[in-house]
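Have a look at the structure below, then the notes.
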Amino acid sequence: MRHLRNLVAALLLVGVGHPLASEAKEQPIPVVATLSTFADLMKTIGGARVNVSTIAPATFNPHFIEPKPSDVLKVKRAALLIHAGLDLELWRGPLLDAAGNTKLFPGQPGELDLSQGIALLEVPDHVVSRIEGDIHIYGNPHYWLNPENAKPMAQAIYDKLCALDPASEQDYHRNLQQFLAQLDQKISAWKAKLAPYHGRELVGYHNEWPYLMHFAGLRMGRFLEPKPGIPPTPKQVQFIEGYLRDQRIPAIVQATYFPRQTSDAVAKDTGAAVVLLCQNVKELPACSDYLSMLEYNVTQLVRVLEKGAS
Ligand SMILES: [Zn+2]
């Protein structure tokens, strides 16, 4: 009898016997994010109201992903596509064409280009062609690594979710405010940690750190890649080795998905350290969400600069 009562209570709780008219409305919004970082921010603002999937695995170079047939299906079924814009995802156009989901095409309500509203760095003052393998032809597209830029990004996600699902506006607003408050606290702490190293210089592997450097008050203008997207050449390696020595630069910064061979060899020759930072959420276990990714990157930078200062 007691079991029966419990069963009835349980059935009532899950709403059995009451065909839910609102069920369809309560389905989470299917969202596709090109990068894990955008998926993370989308989950932070959207909460239970969004069902987010990601295309690019965080441990691969996001410029050169080859989407799988299952990715095409994800895009086909999505109500919203959230992406970096510019030429970050060189594979985005072909993927959209393959999926044929016109609701997500550029300028449509189901598209969110996060580069809108960002003050871009390194925008060329002349037209750059891709003939020589150049990427970053519209300006540097790795803007999410300045935590100040997470504010307009989170706001844009909030605005888009409210437009698609006005009934949940209060939830989105609460999530946004909570995230912005946490972010502001963290930004102050990170700035304080980095302040002693203002103006110091580091070398990069790929030019994907200018926004983080800008935030950190650090400089980085030389890279192992002779041009963004072109692997290191012997001539460039030789130049960088000389530069590291002459300028007494303590470290080469790279994301985890680039090969270590060249950087390790250069480090061995020059005494510089190789610092692995996360370009995207989940690239390393320590970078499990947006705030922990920035925390990790700042901590790593401070660690190597501290050593370099002694
Ligand atoms: Zn790049």
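Residue names in the structure tokens use chain letters A, B, ... in the order shown, residue numbers from 1 in each chain, and ligand numbers from 1 in the order shown.
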
- Task: Could you give me, as number ranges by chain, every polymer residue with an atom at most 8 Å away from an atom of ligand 1, counting only C-alpha atoms and all ligand atoms?
- Result: A: 63, 88, 135-136, 140-142, 206-208, 228-229

Selection above as a file: C-alpha atoms, as a compact mmCIF listing (two decimals), in the first residue's frame:
# COMPACT_ATOMS: atom_id res chain seq x y z
CA HIS A 63 41.42 27.38 -37.80
CA LEU A 88 38.71 32.16 -37.39
CA ILE A 135 44.88 33.99 -42.31
CA HIS A 136 43.68 36.74 -39.91
CA ASN A 140 43.14 39.17 -35.28
CA PRO A 141 40.22 36.79 -34.57
CA HIS A 142 41.37 35.39 -31.16
CA HIS A 206 51.02 31.41 -33.52
CA ASN A 207 49.72 34.98 -33.29
CA GLU A 208 46.75 34.09 -31.10
CA PRO A 228 49.80 33.13 -39.19
CA GLY A 229 48.99 29.62 -40.40

Do you have, as JSON lines, the list of residues of region 188-220 of chain A lying at most 10 Å from region 282-303 of chain A, each with its nearest atom pair and that distance in Å to one decimal, counting only C-alpha atoms and ordered by chain then number?
{"residue": "A:Ala189", "atom": "CA", "partner": "A:Glu295", "partner_atom": "CA", "distance": 9.6}
{"residue": "A:Trp190", "atom": "CA", "partner": "A:Val298", "partner_atom": "CA", "distance": 6.7}
{"residue": "A:Lys191", "atom": "CA", "partner": "A:Val298", "partner_atom": "CA", "distance": 9.1}
{"residue": "A:Lys193", "atom": "CA", "partner": "A:Val302", "partner_atom": "CA", "distance": 7.1}
{"residue": "A:Leu194", "atom": "CA", "partner": "A:Val302", "partner_atom": "CA", "distance": 6.4}
{"residue": "A:Ala195", "atom": "CA", "partner": "A:Val302", "partner_atom": "CA", "distance": 9.7}
{"residue": "A:Pro196", "atom": "CA", "partner": "A:Val302", "partner_atom": "CA", "distance": 9.2}
{"residue": "A:Tyr197", "atom": "CA", "partner": "A:Val302", "partner_atom": "CA", "distance": 8.1}
{"residue": "A:Leu202", "atom": "CA", "partner": "A:Leu301", "partner_atom": "CA", "distance": 9.6}
{"residue": "A:Leu212", "atom": "CA", "partner": "A:Asn297", "partner_atom": "CA", "distance": 8.8}
{"residue": "A:Met213", "atom": "CA", "partner": "A:Leu301", "partner_atom": "CA", "distance": 9.9}
{"residue": "A:Ala216", "atom": "CA", "partner": "A:Val298", "partner_atom": "CA", "distance": 8.0}
{"residue": "A:Leu218", "atom": "CA", "partner": "A:Leu301", "partner_atom": "CA", "distance": 9.8}

- Could you pull out the residues in region 50-237 of chain A that DSSP calls helix (DSSP H, G or I) from the backbone, as an MDAnalysis selection string? chainID A and resid 62:64 69:77 92:99 102:104 143:145 147:164 166:197 210:216 234:237

- Using only C-alpha atoms, pick whichever of A:Ala48, A:Ala272, A:Leu112, A:Ala150 has the shortest atom-to-atom distance to Glu26 (chain A). A:Ala48

Determine, using only C-alpha atoms, which residues of region 74-108 of chain A have any atom at most 10 Å from an atom of region 158-164 of chain A, and tabulate each with its shortest atom pair and distance in Å to one decimal place, rows ordered by chain and then rising number, as a Markdown table.
| residue | atom | partner | partner_atom | distance |
| --- | --- | --- | --- | --- |
| A:Ala79 | CA | A:Leu164 | CA | 8.9 |
| A:Leu80 | CA | A:Leu164 | CA | 8.9 |
| A:Ile82 | CA | A:Lys160 | CA | 9.9 |

- One decimal, Å: what's the distance from CA of Gln279 (chain A) over to CA of Phe64 (chain A), could you say?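 Those two atoms sit 14.3 Å apart.
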
- Atom pair CA of His83 (chain A) / CA of Ala255 (chain A): separation (Å): 19.7 Å

- Near-Asn175 (chain A) list (6 Å; only C-alpha atoms; drop same-chain fewer than 3 positions) as a list in words: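 Residues meeting the cut-off are Ile45, Tyr172 and Gln178 of chain A.
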
Export of the given selection (C-alpha atoms) as a compact mmCIF listing (two decimals), in the first residue's frame:
# COMPACT_ATOMS: atom_id res chain seq x y z
CA ILE A 45 23.92 32.53 -19.71
CA TYR A 172 18.98 34.88 -18.64
CA GLN A 178 26.02 36.68 -11.88

- Query: When distances are computed from only C-alpha atoms, which of A:Ser129, A:Gln177, A:Thr262, A:Gln170 shows the smallest separation from Pro234 (chain A)?
  - Reply: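 For Pro234 (chain A), the nearest of the given residues is A:Thr262.
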
- Task: Give me the residues within 10 Å of Ile240 (chain A) as an MDAnalysis selection string, counting only C-alpha atoms and dropping any in the same chain fewer than 3 places off.
- Result: chainID A and resid 203:204 222:226 234:237 243:246 252 266 270

Restricting it to C-alpha atoms, dump the selection as a compact mmCIF listing (two decimals), in the first residue's frame.
# COMPACT_ATOMS: atom_id res chain seq x y z
CA VAL A 203 57.42 35.38 -28.04
CA GLY A 204 54.54 33.30 -29.44
CA ARG A 222 57.41 37.90 -32.85
CA PHE A 223 56.28 34.37 -33.63
CA LEU A 224 57.73 31.01 -34.61
CA GLU A 225 55.23 30.94 -37.47
CA PRO A 226 56.62 33.34 -40.10
CA PRO A 234 64.49 27.29 -40.45
CA LYS A 235 65.05 30.97 -41.26
CA GLN A 236 62.33 32.10 -38.85
CA VAL A 237 63.58 29.74 -36.13
CA TYR A 243 65.71 37.64 -30.82
CA LEU A 244 65.11 35.65 -27.63
CA ARG A 245 68.79 35.94 -26.71
CA ASP A 246 69.22 39.61 -27.63
CA ILE A 252 57.73 31.12 -25.89
CA VAL A 266 64.50 26.71 -29.48
CA THR A 270 68.30 29.79 -25.84

- For Asp71 (chain A), which of A:Ala56, A:Leu305, A:Leu183, A:Cys278 is the closest residue, counting only C-alpha atoms? A:Ala56

- Which distance in Å separates CA of Pro147 (chain A) and CA of Ile55 (chain A), to one decimal? 22.7 Å

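Minimum atom-to-atom distance to Glu66 (chain A), evaluated using only C-alpha atoms, belongs to A:Arg92 out of A:Arg92, A:Leu120, A:Lys43, A:Met220.
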
- If you run DSSP on the backbone, which residues of region 35-273 of chain A are strand (DSSP E), as a ChimeraX atom specification? /A:50-54,80-83,111-113,203-204,251-255,273

Would you mind exporting the chosen residues as a JSON list (two decimals), in the first residue's frame, restricted to N, CA and C atoms?
[["chain", "number", "residue", "atom", "x", "y", "z"],
["A", 50, "VAL", "N", 19.08, 26.00, -22.65],
["A", 50, "VAL", "CA", 19.79, 25.73, -23.92],
["A", 50, "VAL", "C", 20.41, 24.33, -23.90],
["A", 51, "ASN", "N", 20.44, 23.74, -25.05],
["A", 51, "ASN", "CA", 21.10, 22.44, -25.23],
["A", 51, "ASN", "C", 22.23, 22.68, -26.24],
["A", 52, "VAL", "N", 23.47, 22.79, -25.73],
["A", 52, "VAL", "CA", 24.57, 23.29, -26.56],
["A", 52, "VAL", "C", 25.49, 22.15, -27.01],
["A", 53, "SER", "N", 25.79, 22.12, -28.28],
["A", 53, "SER", "CA", 26.85, 21.21, -28.75],
["A", 53, "SER", "C", 27.95, 22.02, -29.43],
["A", 54, "THR", "N", 29.14, 21.43, -29.49],
["A", 54, "THR", "CA", 30.32, 22.14, -29.99],
["A", 54, "THR", "C", 30.85, 21.43, -31.22],
["A", 80, "LEU", "N", 20.18, 27.91, -33.37],
["A", 80, "LEU", "CA", 21.13, 29.02, -33.20],
["A", 80, "LEU", "C", 22.56, 28.53, -33.42],
["A", 81, "LEU", "N", 23.30, 29.30, -34.20],
["A", 81, "LEU", "CA", 24.73, 29.02, -34.40],
["A", 81, "LEU", "C", 25.52, 30.19, -33.83],
["A", 82, "ILE", "N", 26.45, 29.89, -32.94],
["A", 82, "ILE", "CA", 27.24, 30.95, -32.30],
["A", 82, "ILE", "C", 28.70, 30.72, -32.69],
["A", 83, "HIS", "N", 29.34, 31.78, -33.23],
["A", 83, "HIS", "CA", 30.68, 31.59, -33.80],
["A", 83, "HIS", "C", 31.54, 32.85, -33.66],
["A", 111, "GLU", "N", 21.65, 33.27, -36.19],
["A", 111, "GLU", "CA", 23.11, 33.40, -36.24],
["A", 111, "GLU", "C", 23.58, 34.38, -35.17],
["A", 112, "LEU", "N", 24.65, 34.06, -34.48],
["A", 112, "LEU", "CA", 25.28, 35.02, -33.57],
["A", 112, "LEU", "C", 26.78, 35.05, -33.84],
["A", 113, "ASP", "N", 27.22, 36.15, -34.44],
["A", 113, "ASP", "CA", 28.64, 36.39, -34.74],
["A", 113, "ASP", "C", 29.21, 37.20, -33.58],
["A", 203, "VAL", "N", 57.51, 35.78, -26.64],
["A", 203, "VAL", "CA", 57.42, 35.38, -28.04],
["A", 203, "VAL", "C", 56.32, 34.32, -28.15],
["A", 204, "GLY", "N", 55.62, 34.28, -29.27],
["A", 204, "GLY", "CA", 54.54, 33.30, -29.44],
["A", 204, "GLY", "C", 54.86, 32.28, -30.52],
["A", 251, "ALA", "N", 60.26, 33.52, -22.37],
["A", 251, "ALA", "CA", 59.41, 32.38, -22.74],
["A", 251, "ALA", "C", 58.79, 32.47, -24.12],
["A", 252, "ILE", "N", 58.52, 31.28, -24.66],
["A", 252, "ILE", "CA", 57.73, 31.12, -25.89],
["A", 252, "ILE", "C", 56.36, 30.62, -25.44],
["A", 253, "VAL", "N", 55.32, 31.30, -25.88],
["A", 253, "VAL", "CA", 53.96, 30.94, -25.48],
["A", 253, "VAL", "C", 53.28, 30.20, -26.61],
["A", 254, "GLN", "N", 52.67, 29.05, -26.31],
["A", 254, "GLN", "CA", 51.92, 28.37, -27.37],
["A", 254, "GLN", "C", 50.73, 27.62, -26.80],
["A", 255, "ALA", "N", 49.74, 27.40, -27.68],
["A", 255, "ALA", "CA", 48.59, 26.58, -27.32],
["A", 255, "ALA", "C", 49.03, 25.12, -27.36],
["A", 273, "ALA", "N", 61.84, 29.46, -21.65],
["A", 273, "ALA", "CA", 60.90, 28.39, -21.27],
["A", 273, "ALA", "C", 59.81, 28.29, -22.34]]

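Nearest residue to Thr34 (chain A), choosing from A:Gly85, A:Pro250, A:Gly47, A:Pro106 and counting only C-alpha atoms: A:Gly85.
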